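For reference, the structure is listed below as structure tokens.
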Amino acid sequence: MSTLDITTAYKYINLQMAAEVLYDFNAVENGLTLVPGAVRAYPTIREEPLKLGNLHASKFTATQAAEFSAHWKVVEHKSNTTTGFSGTLLQCYKDDPATGAKAGELVLSMGMVRGALPTANAIKLAVRAERKEQSD
């Protein structure tokens, strides 16, 4: 059984925080019309959205944002769907000796609106709903 070292934990914490970033999906901005489940890619991650984070606790410092954006890109980000599911596929495009991430490494982060349902049941419902949306 392998153990999780601090460097690996730091890498995944940053990836999760990056997945929670609102990017261009900030629903509280006036005049912004969002489509639940919209998909976008960010081949270059700007530092400003990382510093704003999710407008709650998940925010990068300026130094963290610069370091993260120098090594990672968002291959695809799916905003919250009508069921509350969101997903972000990130890819390391340049080796990061500080975290051990290697160019080409892919990490998928999935999220749910907090407190809606226990996670396992929420994921099952979200997957069913996504399949239904695709088949309609």
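Identifiers in the structure tokens: chain A, B, ... in order shown; residue index from 1 per chain; ligand index from 1 in order shown.
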>> Just want the 7 Å neighbourhood of segment 63-71 of chain A, counted on only C-alpha atoms, with same-chain residues fewer than 3 positions away dropped. Output as a VMD selection string.
In response: chain A and resid 45 to 47 50 to 51 60 92 to 96
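Closest approach to Leu52 of chain A among A:Ala9, A:Gly84, A:Val21, A:Leu108: A:Val21, based on only C-alpha atoms.
Distances to Gly37 of chain A were evaluated for A:Thr81, A:Ser109, A:Ser86, A:Gln16 using only C-alpha atoms, and the minimum falls at A:Thr81.
Using only C-alpha atoms for every distance, the candidate list A:Val75, A:Ile13, A:Leu89, A:Val35 yields A:Ile13 as the residue closest to Ser58 of chain A.
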> Which value, in Å to one decimal, gives the distance between atom CA of His56 of chain A and atom CA of Thr44 of chain A?
Replying inline: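 These two atoms are separated by 23.1 Å.
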>> Please list as JSON, numbers by chain every residue within 9 Å of Thr8 of chain A, counting only C-alpha atoms and excluding residues in the same chain fewer than 6 positions away.
In response: {"A": [99, 100, 101]}
For the selection just defined, write its residues with C-alpha atoms to a file, as a short mmCIF file (atom, residue, chain, number, x, y, z; two decimals), in the first residue's frame.
```cif
data_model
loop_
_atom_site.label_atom_id
_atom_site.label_comp_id
_atom_site.auth_asym_id
_atom_site.auth_seq_id
_atom_site.Cartn_x
_atom_site.Cartn_y
_atom_site.Cartn_z
CA THR A 99 5.17 18.67 -7.33
CA GLY A 100 6.55 15.86 -9.48
CA ALA A 101 3.90 16.41 -12.18
#
```
